[in-house]
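Source file query05.tsv; content: TSV, C-alpha atoms.
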chain	number	residue	atom	x	y	z
A	1	MET	CA	-52.21	-165.43	-45.44
A	2	LYS	CA	-49.13	-165.79	-47.61
A	3	THR	CA	-46.49	-168.36	-46.72
A	4	LEU	CA	-43.13	-168.97	-48.33
A	5	THR	CA	-40.37	-171.36	-47.32
A	6	PHE	CA	-36.76	-170.26	-47.64
A	7	PRO	CA	-33.50	-172.16	-47.20
A	8	GLY	CA	-32.07	-171.16	-43.79
A	9	SER	CA	-29.15	-169.44	-45.43
A	10	TYR	CA	-27.73	-165.94	-45.19
A	11	SER	CA	-28.04	-165.84	-48.97
A	12	SER	CA	-31.85	-165.97	-48.52
A	13	LEU	CA	-31.92	-162.68	-46.59
A	14	VAL	CA	-32.36	-160.45	-49.65
A	15	LYS	CA	-35.35	-162.48	-50.91
A	16	ILE	CA	-36.87	-162.67	-47.44
A	17	GLY	CA	-36.52	-158.89	-47.17
A	18	GLU	CA	-38.29	-158.44	-50.50
A	19	PHE	CA	-41.13	-160.79	-49.51
A	20	VAL	CA	-41.74	-159.00	-46.23
A	21	THR	CA	-41.37	-155.42	-47.46
A	22	GLN	CA	-43.70	-156.07	-50.39
A	23	ALA	CA	-46.43	-157.28	-48.00
A	24	ALA	CA	-45.84	-154.36	-45.63
A	25	LYS	CA	-45.98	-151.85	-48.47
A	26	SER	CA	-49.32	-153.29	-49.58
A	27	ILE	CA	-50.95	-151.95	-46.40
A	28	GLY	CA	-49.19	-148.62	-46.56
A	29	PHE	CA	-45.95	-149.04	-44.60
A	30	GLU	CA	-43.21	-146.85	-46.03
A	31	GLY	CA	-39.95	-145.09	-45.18
A	32	PHE	CA	-38.53	-145.65	-41.73
A	33	GLU	CA	-41.44	-147.80	-40.50
A	34	LEU	CA	-40.84	-150.16	-43.43
A	35	TYR	CA	-37.13	-150.16	-42.67
A	36	LYS	CA	-37.85	-151.20	-39.07
A	37	ILE	CA	-39.85	-154.23	-40.24
A	38	GLU	CA	-37.14	-155.24	-42.71
A	39	THR	CA	-34.52	-154.97	-39.95
A	40	ALA	CA	-36.53	-157.01	-37.43
A	41	VAL	CA	-37.13	-159.85	-39.90
A	42	ASP	CA	-33.51	-159.85	-41.03
A	43	GLU	CA	-32.33	-160.06	-37.41
A	44	ALA	CA	-34.84	-162.81	-36.62
A	45	CYS	CA	-33.75	-164.91	-39.60
A	46	SER	CA	-30.04	-164.35	-38.90
A	47	ASN	CA	-30.63	-165.57	-35.34
A	48	ILE	CA	-32.46	-168.67	-36.56
A	49	ILE	CA	-29.57	-169.54	-38.87
A	50	GLU	CA	-26.86	-168.77	-36.30
A	51	HIS	CA	-28.49	-170.13	-33.13
A	52	ALA	CA	-31.40	-172.49	-33.91
A	53	TYR	CA	-29.71	-174.26	-36.83
A	54	GLY	CA	-26.16	-173.41	-35.75
A	55	GLU	CA	-24.83	-173.09	-39.27
A	56	ASP	CA	-25.62	-171.74	-42.70
A	57	ASN	CA	-27.96	-173.78	-44.90
A	58	PHE	CA	-28.84	-176.44	-42.35
A	59	GLY	CA	-32.66	-176.20	-42.36
A	60	GLU	CA	-35.58	-174.20	-43.64
A	61	ILE	CA	-37.45	-171.11	-42.47
A	62	ASP	CA	-41.20	-170.82	-43.12
A	63	ILE	CA	-42.43	-167.25	-43.23
A	64	SER	CA	-46.17	-166.53	-43.05
A	65	ILE	CA	-47.56	-163.04	-43.37
A	66	THR	CA	-51.05	-161.82	-42.61
A	67	THR	CA	-52.09	-158.23	-43.12
A	68	ASN	CA	-55.13	-156.12	-42.38
A	69	PRO	CA	-55.44	-152.34	-42.57
A	70	GLU	CA	-54.24	-151.98	-38.96
A	71	LYS	CA	-51.24	-154.29	-38.78
A	72	ILE	CA	-48.86	-156.80	-40.30
A	73	THR	CA	-48.21	-160.11	-38.54
A	74	ILE	CA	-45.11	-162.05	-39.58
A	75	THR	CA	-44.64	-165.58	-38.28
A	76	LEU	CA	-41.27	-167.29	-38.66
A	77	THR	CA	-41.05	-171.02	-38.07
A	78	ASP	CA	-37.89	-173.10	-37.89
A	79	TYR	CA	-37.14	-176.68	-36.92
A	80	GLY	CA	-33.83	-176.15	-35.14
A	81	GLU	CA	-32.80	-176.09	-31.49
A	82	PRO	CA	-35.15	-174.15	-29.20
A	83	PHE	CA	-33.97	-170.56	-29.19
A	84	ASP	CA	-35.88	-168.04	-27.13
A	85	PRO	CA	-34.74	-164.45	-27.79
A	86	GLU	CA	-36.16	-163.52	-24.38
A	87	TYR	CA	-33.20	-165.20	-22.73
A	88	VAL	CA	-30.60	-163.22	-24.62
A	89	LYS	CA	-29.10	-160.56	-22.40
A	90	GLN	CA	-29.68	-157.01	-23.48
A	91	PRO	CA	-26.41	-155.38	-24.49
A	92	ASN	CA	-25.19	-152.41	-22.47
A	93	LEU	CA	-25.45	-149.61	-25.01
A	94	ASN	CA	-23.85	-146.97	-22.83
A	95	THR	CA	-20.55	-148.66	-22.23
A	96	ASP	CA	-17.34	-147.46	-23.88
A	97	LEU	CA	-15.86	-148.90	-27.05
A	98	GLN	CA	-13.50	-151.43	-25.44
A	99	ASN	CA	-16.25	-152.98	-23.33
A	100	ARG	CA	-18.91	-153.03	-25.99
A	101	GLU	CA	-20.32	-156.54	-26.35
A	102	ASP	CA	-20.76	-158.14	-29.71
A	103	HIS	CA	-24.01	-159.99	-29.19
A	104	GLY	CA	-27.61	-159.31	-28.30
A	105	LEU	CA	-27.84	-156.22	-30.47
A	106	GLY	CA	-29.98	-157.79	-33.19
A	107	ILE	CA	-32.59	-159.02	-30.74
A	108	TYR	CA	-32.61	-155.65	-29.01
A	109	MET	CA	-33.28	-153.90	-32.35
A	110	MET	CA	-36.02	-156.40	-33.18
A	111	LYS	CA	-37.78	-155.77	-29.86
A	112	GLN	CA	-37.40	-152.01	-30.04
A	113	TRP	CA	-38.68	-151.69	-33.57
A	114	MET	CA	-41.64	-154.11	-33.54
A	115	ASP	CA	-44.79	-153.63	-31.46
A	116	GLU	CA	-45.05	-157.28	-30.42
A	117	VAL	CA	-42.43	-160.04	-30.35
A	118	ASN	CA	-43.60	-163.48	-29.20
A	119	PHE	CA	-41.69	-166.72	-29.12
A	120	MET	CA	-42.92	-170.25	-28.56
A	121	ASN	CA	-41.56	-173.73	-28.99
A	122	TYR	CA	-44.28	-176.12	-30.07
A	123	GLU	CA	-43.90	-179.71	-31.33
A	124	ASN	CA	-40.18	-179.20	-31.99
A	125	LYS	CA	-40.79	-176.00	-33.90
A	126	ASN	CA	-39.60	-172.52	-32.95
A	127	ILE	CA	-42.36	-170.07	-33.76
A	128	LEU	CA	-41.55	-166.37	-33.60
A	129	THR	CA	-44.33	-163.87	-34.20
A	130	LEU	CA	-43.61	-160.23	-35.02
A	131	VAL	CA	-46.38	-157.64	-35.17
A	132	LYS	CA	-46.26	-154.02	-36.31
A	133	TYR	CA	-49.21	-151.63	-36.24
A	134	ARG	CA	-49.85	-148.84	-38.70
A	135	LYS	CA	-49.45	-145.53	-36.94
A	136	ASP	CA	-51.94	-143.41	-38.92
B	137	MET	CA	-23.09	-155.47	-51.97
B	138	GLU	CA	-20.20	-153.77	-53.74
B	139	ILE	CA	-17.15	-152.30	-52.02
B	140	SER	CA	-14.69	-149.77	-53.34
B	141	THR	CA	-11.71	-148.31	-51.56
B	142	VAL	CA	-9.82	-145.17	-52.53
B	143	GLU	CA	-6.49	-144.42	-50.92
B	144	TYR	CA	-5.75	-140.78	-50.08
B	145	LYS	CA	-2.61	-139.32	-48.61
B	146	ARG	CA	-3.85	-139.25	-45.03
B	147	CYS	CA	-6.67	-141.80	-45.04
B	148	ASP	CA	-8.60	-144.40	-47.01
B	149	VAL	CA	-12.21	-144.03	-48.06
B	150	VAL	CA	-14.31	-147.19	-48.15
B	151	LYS	CA	-17.64	-147.04	-49.93
B	152	VAL	CA	-20.33	-149.72	-50.00
B	153	THR	CA	-23.28	-149.96	-52.34
B	154	GLY	CA	-26.20	-152.10	-51.20
B	155	ARG	CA	-27.08	-154.15	-48.13
B	156	ILE	CA	-24.81	-155.00	-45.22
B	157	ASP	CA	-26.40	-158.09	-43.67
B	158	SER	CA	-25.14	-161.40	-42.27
B	159	ALA	CA	-24.38	-162.56	-45.81
B	160	SER	CA	-22.33	-159.55	-46.87
B	161	ALA	CA	-20.86	-158.29	-43.57
B	162	PRO	CA	-17.89	-160.73	-43.68
B	163	GLN	CA	-16.83	-159.22	-47.02
B	164	LEU	CA	-16.82	-155.73	-45.49
B	165	HIS	CA	-14.89	-157.02	-42.48
B	166	GLU	CA	-12.29	-158.48	-44.81
B	167	GLU	CA	-11.93	-155.16	-46.63
B	168	PHE	CA	-11.33	-153.26	-43.38
B	169	ASN	CA	-8.95	-155.97	-42.18
B	170	LYS	CA	-6.93	-155.71	-45.39
B	171	LEU	CA	-6.45	-151.99	-44.78
B	172	MET	CA	-5.48	-152.49	-41.14
B	173	GLU	CA	-3.05	-155.27	-42.01
B	174	ALA	CA	-1.37	-152.74	-44.31
B	175	ASN	CA	-1.13	-150.38	-41.31
B	176	HIS	CA	-3.87	-148.10	-42.58
B	177	PHE	CA	-5.83	-147.07	-39.51
B	178	HIS	CA	-7.35	-143.78	-40.67
B	179	ILE	CA	-10.49	-144.86	-42.43
B	180	VAL	CA	-13.56	-143.02	-43.71
B	181	PHE	CA	-16.62	-145.19	-44.33
B	182	ASN	CA	-18.84	-143.39	-46.84
B	183	MET	CA	-22.33	-144.84	-46.30
B	184	VAL	CA	-24.24	-142.80	-48.88
B	185	ASP	CA	-25.18	-145.85	-50.95
B	186	VAL	CA	-25.77	-148.28	-48.07
B	187	SER	CA	-29.43	-149.29	-48.30
B	188	PHE	CA	-29.57	-151.45	-45.17
B	189	ILE	CA	-27.39	-152.43	-42.21
B	190	SER	CA	-28.14	-155.22	-39.74
B	191	SER	CA	-26.47	-155.93	-36.40
B	192	ALA	CA	-23.94	-158.09	-38.28
B	193	GLY	CA	-22.81	-154.93	-40.09
B	194	LEU	CA	-22.80	-152.91	-36.88
B	195	ARG	CA	-20.53	-155.53	-35.29
B	196	VAL	CA	-18.05	-155.07	-38.14
B	197	LEU	CA	-17.98	-151.32	-37.47
B	198	ILE	CA	-17.37	-151.83	-33.73
B	199	SER	CA	-14.63	-154.38	-34.28
B	200	THR	CA	-12.92	-152.16	-36.87
B	201	GLN	CA	-13.17	-149.12	-34.60
B	202	LYS	CA	-11.60	-151.07	-31.70
B	203	ASN	CA	-8.74	-152.16	-33.94
B	204	CYS	CA	-8.16	-148.70	-35.44
B	205	LYS	CA	-8.16	-146.90	-32.12
B	206	ARG	CA	-5.77	-149.33	-30.42
B	207	PHE	CA	-2.52	-147.55	-29.39
B	208	ASN	CA	-4.11	-144.29	-30.56
B	209	ARG	CA	-3.04	-145.19	-34.06
B	210	GLY	CA	-6.15	-144.11	-35.90
B	211	GLU	CA	-9.91	-144.03	-36.16
B	212	LEU	CA	-12.85	-145.14	-38.28
B	213	VAL	CA	-15.20	-142.26	-39.06
B	214	LEU	CA	-18.52	-142.32	-40.90
B	215	ALA	CA	-19.75	-140.02	-43.67
B	216	ASN	CA	-23.01	-139.42	-45.54
B	217	VAL	CA	-25.08	-141.65	-43.29
B	218	PRO	CA	-28.64	-142.12	-44.65
B	219	GLU	CA	-31.49	-141.33	-42.25
B	220	ASN	CA	-32.66	-144.92	-41.62
B	221	ILE	CA	-29.13	-146.08	-40.96
B	222	ARG	CA	-28.50	-143.14	-38.67
B	223	ALA	CA	-31.53	-144.29	-36.67
B	224	ALA	CA	-30.07	-147.80	-36.42
B	225	LEU	CA	-26.75	-146.33	-35.21
B	226	ASP	CA	-28.63	-144.21	-32.65
B	227	LEU	CA	-30.61	-147.21	-31.40
B	228	ALA	CA	-27.44	-149.25	-31.01
B	229	GLY	CA	-25.77	-146.45	-29.03
B	230	PHE	CA	-23.13	-146.01	-31.74
B	231	THR	CA	-23.36	-142.26	-32.14
B	232	ALA	CA	-21.11	-141.84	-29.10
B	233	LEU	CA	-18.51	-144.19	-30.56
B	234	PHE	CA	-18.12	-142.78	-34.08
B	235	LYS	CA	-17.60	-139.33	-35.53
B	236	ILE	CA	-20.22	-138.79	-38.20
B	237	PHE	CA	-19.64	-136.25	-40.99
B	238	ASP	CA	-22.16	-134.81	-43.42
B	239	SER	CA	-19.80	-135.13	-46.35
B	240	GLU	CA	-16.87	-137.24	-47.46
B	241	VAL	CA	-14.77	-134.09	-47.88
B	242	ALA	CA	-15.35	-133.12	-44.25
B	243	ALA	CA	-14.56	-136.66	-43.10
B	244	VAL	CA	-11.32	-136.81	-45.08
B	245	GLY	CA	-10.41	-133.32	-43.84
B	246	ASN	CA	-10.73	-134.57	-40.27
B	247	PHE	CA	-7.50	-136.54	-40.68
As structure tokens - that is how I would like this structure written.
Amino acid sequence: MKTLTFPGSYSSLVKIGEFVTQAAKSIGFEGFELYKIETAVDEACSNIIEHAYGEDNFGEIDISITTNPEKITITLTDYGEPFDPEYVKQPNLNTDLQNREDHGLGIYMMKQWMDEVNFMNYENKNILTLVKYRKD
Amino acid sequence: MEISTVEYKRCDVVKVTGRIDSASAPQLHEEFNKLMEANHFHIVFNMVDVSFISSAGLRVLISTQKNCKRFNRGELVLANVPENIRAALDLAGFTALFKIFDSEVAAVGNF
């Protein structure tokens, strides 16, 4: 397992993306499947910064990655307010432009593009686990 | 992320190189807002060199499109959308809300 701690800042997103994609590439993820993982982690971290910490650069995000030939498991831990993505309403994607809502899209993309998304709050920590299986 | 804007007779072409995430999306929003404040509402967004777009970037596109289309005064159209980004637009249900052109020339010619 590899773990790195990043400042909970939007300016960390590039480095977080590099950390995660490098690990995913090491077990053969590429192209669009790799892009899906990068998107899910970016959305998860943006949510932590915006909702759990409430502002940029307020706390840290621990990211642990385990890989085996079948799957990558990415665990994101923060120490902010409990924030369960399950409770975020899914945006209506069929509505017209004027009624299109601004929020909920990131979580929707995360759920659609990962195989498993699990959230728990444990000892004042938010722990979000994202899993993606290799297809071939 | 780098942004360049070229003004044509009938529209402006905005081009971004790099990632559009929560860190860089506000910069893109500001660029579109600058154009709209100058009453430029016919905008082509050339995405050929966009490597990544998160929901923060998608929100900028929606907000800009709403503003451009108000009073029928214009439109934001997309050009040269890379495959991964096209998939993100599809997933978000954006393909019904934006015209997407295969080339910048076709997008500019639309106006």
Problem - Surrounding residues of Leu93 in chain A excluding itself and chain neighbours under 2 positions, 6 Å, all atoms listed in the file, as number ranges by chain - result: A: 91, 95; B: 229
Completion exercise
Using all atoms listed in the file, the best pick from B:Leu197, B:Ala161, B:Met137, B:Val149 as closest to Ser239 in chain B would be B:Val149
Problem - chain A residues near chain B (10 Å cut-off, all atoms listed in the file) as a PyMOL selection string - result: chain A and resi 9-14+31-36+38-40+42-43+45-47+49-50+56+91-109+112-113
Practice task
Could you tell me which of A:Glu116, A:Glu81, A:Glu86, A:Glu70 comes closest to Tyr133 in chain A if we count all atoms listed in the file?
Solution key: A:Glu70
Completion exercise
note - CA of Ser64 in chain A and CA of Val41 in chain A are separated by 11.7 Å
Exercise for the section: May I have the residues within 6 Å of Glu60 in chain A as number ranges by chain, using all atoms listed in the file and disregarding those fewer than 2 positions away in the same chain? Expected result: A: 6-8
Exercise for the section: Find the distance between CA of Asn246 in chain B and CA of Glu166 in chain B and write it in Å to one decimal. Expected result: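 We find that CA of Asn246 in chain B and CA of Glu166 in chain B lie 24.4 Å from each other.
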Practice task
For range 207-215 of chain B, list every protein, DNA or RNA residue within 7 Å, evaluated using all atoms listed in the file, and leave out those in the same chain fewer than 2 positions away; present the list as number ranges by chain.
Solution key: B: 177-183, 201, 204-205, 217, 234-240, 243
Exercise for the section: Can you work out the spacing between CA of Ile65 in chain A and CA of Gly154 in chain B in Å, to one decimal? Expected result: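 Calculated distance between CA of Ile65 in chain A and CA of Gly154 in chain B is 25.2 Å.
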Exercise for the section: Please identify all polymer residues within 12 Å of Arg134 in chain A, counting only C-alpha atoms, omitting same-chain residues fewer than 4 positions from it, and present them as a list in words. Expected result: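 Using only C-alpha atoms, the neighbours found are Ala24, Lys25, Ser26, Ile27, Gly28, Phe29, Glu30, Glu33, Leu34, Ile37, Thr67, Asn68, Pro69, Glu70, Lys71, Ile72, Thr73, Met114 and Asp115 of chain A.
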Completion exercise
For Asp84 in chain A, the closest of A:Thr66, A:Met120, A:Thr3, A:Gly59 counting all atoms listed in the file is A:Met120
Handout entry: Nearest to Ile139 in chain B, chosen from B:Thr200, B:Val186, B:Asn216, B:Thr231, with only C-alpha atoms counted in the distances
Key =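 Of all the options, B:Val186 lies closest to Ile139 in chain B.
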Which residues are near Asn121 in chain A? Cut-off 12 Å, only C-alpha atoms, ignore same chain within fewer than 4 positions. Put them as an mmCIF file with C-alpha atoms, in the frame of the given file.
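So out.cif came out as:
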data_model
loop_
_atom_site.group_PDB
_atom_site.id
_atom_site.type_symbol
_atom_site.label_atom_id
_atom_site.label_comp_id
_atom_site.auth_asym_id
_atom_site.auth_seq_id
_atom_site.Cartn_x
_atom_site.Cartn_y
_atom_site.Cartn_z
ATOM 1 C CA ALA A 52 -31.400 -172.490 -33.910
ATOM 2 C CA LEU A 76 -41.270 -167.290 -38.660
ATOM 3 C CA THR A 77 -41.050 -171.020 -38.070
ATOM 4 C CA ASP A 78 -37.890 -173.100 -37.890
ATOM 5 C CA TYR A 79 -37.140 -176.680 -36.920
ATOM 6 C CA GLY A 80 -33.830 -176.150 -35.140
ATOM 7 C CA GLU A 81 -32.800 -176.090 -31.490
ATOM 8 C CA PRO A 82 -35.150 -174.150 -29.200
ATOM 9 C CA PHE A 83 -33.970 -170.560 -29.190
ATOM 10 C CA ASP A 84 -35.880 -168.040 -27.130
ATOM 11 C CA PRO A 85 -34.740 -164.450 -27.790
ATOM 12 C CA LYS A 125 -40.790 -176.000 -33.900
ATOM 13 C CA ASN A 126 -39.600 -172.520 -32.950
ATOM 14 C CA ILE A 127 -42.360 -170.070 -33.760
ATOM 15 C CA LEU A 128 -41.550 -166.370 -33.600
ATOM 16 C CA THR A 129 -44.330 -163.870 -34.200
#
Handout entry: Which of A:Ala44, A:Leu4, A:Ile63, A:Phe58 sits closest to Phe119 in chain A [using only C-alpha atoms]
Key =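 Selected residue with least distance to Phe119 in chain A: A:Ala44.
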Take range 100-129 of chain A, bring it up to N, CA and C atoms, and give me the output as a PDB file, keeping the file's coordinate frame.
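Contents of rebuild-v6.pdb, as written:
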ATOM      1  N   ARG A 100     -17.672-152.798 -25.261  1.00  0.00           N
ATOM      2  CA  ARG A 100     -18.910-153.030 -25.990  1.00  0.00           C
ATOM      3  C   ARG A 100     -19.017-154.508 -26.380  1.00  0.00           C
ATOM      4  N   GLU A 101     -20.153-155.123 -26.038  1.00  0.00           N
ATOM      5  CA  GLU A 101     -20.320-156.540 -26.350  1.00  0.00           C
ATOM      6  C   GLU A 101     -20.776-156.725 -27.785  1.00  0.00           C
ATOM      7  N   ASP A 102     -20.459-157.876 -28.310  1.00  0.00           N
ATOM      8  CA  ASP A 102     -20.760-158.140 -29.710  1.00  0.00           C
ATOM      9  C   ASP A 102     -22.168-158.660 -29.930  1.00  0.00           C
ATOM     10  N   HIS A 103     -22.750-159.287 -28.904  1.00  0.00           N
ATOM     11  CA  HIS A 103     -24.010-159.990 -29.190  1.00  0.00           C
ATOM     12  C   HIS A 103     -25.203-159.409 -28.453  1.00  0.00           C
ATOM     13  N   GLY A 104     -26.377-159.775 -28.918  1.00  0.00           N
ATOM     14  CA  GLY A 104     -27.610-159.310 -28.300  1.00  0.00           C
ATOM     15  C   GLY A 104     -28.194-158.081 -28.978  1.00  0.00           C
ATOM     16  N   LEU A 105     -27.406-157.451 -29.828  1.00  0.00           N
ATOM     17  CA  LEU A 105     -27.840-156.220 -30.470  1.00  0.00           C
ATOM     18  C   LEU A 105     -29.010-156.437 -31.442  1.00  0.00           C
ATOM     19  N   GLY A 106     -28.932-157.503 -32.207  1.00  0.00           N
ATOM     20  CA  GLY A 106     -29.980-157.790 -33.190  1.00  0.00           C
ATOM     21  C   GLY A 106     -31.342-157.993 -32.539  1.00  0.00           C
ATOM     22  N   ILE A 107     -31.334-158.741 -31.441  1.00  0.00           N
ATOM     23  CA  ILE A 107     -32.590-159.020 -30.740  1.00  0.00           C
ATOM     24  C   ILE A 107     -33.132-157.740 -30.101  1.00  0.00           C
ATOM     25  N   TYR A 108     -32.206-156.930 -29.594  1.00  0.00           N
ATOM     26  CA  TYR A 108     -32.610-155.650 -29.010  1.00  0.00           C
ATOM     27  C   TYR A 108     -33.289-154.774 -30.075  1.00  0.00           C
ATOM     28  N   MET A 109     -32.698-154.710 -31.267  1.00  0.00           N
ATOM     29  CA  MET A 109     -33.280-153.900 -32.350  1.00  0.00           C
ATOM     30  C   MET A 109     -34.654-154.435 -32.742  1.00  0.00           C
ATOM     31  N   MET A 110     -34.756-155.754 -32.817  1.00  0.00           N
ATOM     32  CA  MET A 110     -36.020-156.400 -33.180  1.00  0.00           C
ATOM     33  C   MET A 110     -37.120-156.022 -32.174  1.00  0.00           C
ATOM     34  N   LYS A 111     -36.779-156.078 -30.897  1.00  0.00           N
ATOM     35  CA  LYS A 111     -37.780-155.770 -29.860  1.00  0.00           C
ATOM     36  C   LYS A 111     -38.139-154.291 -29.843  1.00  0.00           C
ATOM     37  N   GLN A 112     -37.140-153.451 -30.068  1.00  0.00           N
ATOM     38  CA  GLN A 112     -37.400-152.010 -30.040  1.00  0.00           C
ATOM     39  C   GLN A 112     -38.261-151.561 -31.215  1.00  0.00           C
ATOM     40  N   TRP A 113     -38.073-152.207 -32.344  1.00  0.00           N
ATOM     41  CA  TRP A 113     -38.680-151.690 -33.570  1.00  0.00           C
ATOM     42  C   TRP A 113     -39.987-152.393 -33.975  1.00  0.00           C
ATOM     43  N   MET A 114     -40.334-153.483 -33.278  1.00  0.00           N
ATOM     44  CA  MET A 114     -41.640-154.110 -33.540  1.00  0.00           C
ATOM     45  C   MET A 114     -42.542-153.837 -32.348  1.00  0.00           C
ATOM     46  N   ASP A 115     -43.856-153.892 -32.560  1.00  0.00           N
ATOM     47  CA  ASP A 115     -44.790-153.630 -31.460  1.00  0.00           C
ATOM     48  C   ASP A 115     -44.979-154.863 -30.585  1.00  0.00           C
ATOM     49  N   GLU A 116     -44.933-156.051 -31.209  1.00  0.00           N
ATOM     50  CA  GLU A 116     -45.050-157.280 -30.420  1.00  0.00           C
ATOM     51  C   GLU A 116     -44.033-158.292 -30.937  1.00  0.00           C
ATOM     52  N   VAL A 117     -43.363-158.966 -30.005  1.00  0.00           N
ATOM     53  CA  VAL A 117     -42.430-160.040 -30.350  1.00  0.00           C
ATOM     54  C   VAL A 117     -42.760-161.217 -29.437  1.00  0.00           C
ATOM     55  N   ASN A 118     -43.242-162.314 -30.007  1.00  0.00           N
ATOM     56  CA  ASN A 118     -43.600-163.480 -29.200  1.00  0.00           C
ATOM     57  C   ASN A 118     -42.907-164.724 -29.706  1.00  0.00           C
ATOM     58  N   PHE A 119     -42.372-165.491 -28.744  1.00  0.00           N
ATOM     59  CA  PHE A 119     -41.690-166.720 -29.120  1.00  0.00           C
ATOM     60  C   PHE A 119     -42.380-167.908 -28.476  1.00  0.00           C
ATOM     61  N   MET A 120     -42.540-169.000 -29.224  1.00  0.00           N
ATOM     62  CA  MET A 120     -42.920-170.250 -28.560  1.00  0.00           C
ATOM     63  C   MET A 120     -42.288-171.440 -29.254  1.00  0.00           C
ATOM     64  N   ASN A 121     -42.072-172.481 -28.446  1.00  0.00           N
ATOM     65  CA  ASN A 121     -41.560-173.730 -28.990  1.00  0.00           C
ATOM     66  C   ASN A 121     -42.692-174.739 -28.887  1.00  0.00           C
ATOM     67  N   TYR A 122     -43.101-175.273 -30.027  1.00  0.00           N
ATOM     68  CA  TYR A 122     -44.280-176.120 -30.070  1.00  0.00           C
ATOM     69  C   TYR A 122     -44.014-177.283 -31.024  1.00  0.00           C
ATOM     70  N   GLU A 123     -44.145-178.493 -30.522  1.00  0.00           N
ATOM     71  CA  GLU A 123     -43.900-179.710 -31.330  1.00  0.00           C
ATOM     72  C   GLU A 123     -42.581-179.612 -32.118  1.00  0.00           C
ATOM     73  N   ASN A 124     -41.518-179.294 -31.397  1.00  0.00           N
ATOM     74  CA  ASN A 124     -40.180-179.200 -31.990  1.00  0.00           C
ATOM     75  C   ASN A 124     -40.031-178.117 -33.055  1.00  0.00           C
ATOM     76  N   LYS A 125     -40.919-177.138 -32.991  1.00  0.00           N
ATOM     77  CA  LYS A 125     -40.790-176.000 -33.900  1.00  0.00           C
ATOM     78  C   LYS A 125     -40.576-174.749 -33.062  1.00  0.00           C
ATOM     79  N   ASN A 126     -39.703-173.855 -33.540  1.00  0.00           N
ATOM     80  CA  ASN A 126     -39.600-172.520 -32.950  1.00  0.00           C
ATOM     81  C   ASN A 126     -40.511-171.606 -33.742  1.00  0.00           C
ATOM     82  N   ILE A 127     -41.432-170.955 -33.058  1.00  0.00           N
ATOM     83  CA  ILE A 127     -42.360-170.070 -33.760  1.00  0.00           C
ATOM     84  C   ILE A 127     -42.231-168.660 -33.192  1.00  0.00           C
ATOM     85  N   LEU A 128     -41.757-167.757 -34.021  1.00  0.00           N
ATOM     86  CA  LEU A 128     -41.550-166.370 -33.600  1.00  0.00           C
ATOM     87  C   LEU A 128     -42.555-165.494 -34.343  1.00  0.00           C
ATOM     88  N   THR A 129     -43.323-164.725 -33.584  1.00  0.00           N
ATOM     89  CA  THR A 129     -44.330-163.870 -34.200  1.00  0.00           C
ATOM     90  C   THR A 129     -43.972-162.403 -33.985  1.00  0.00           C
TER      91      THR A 129
END
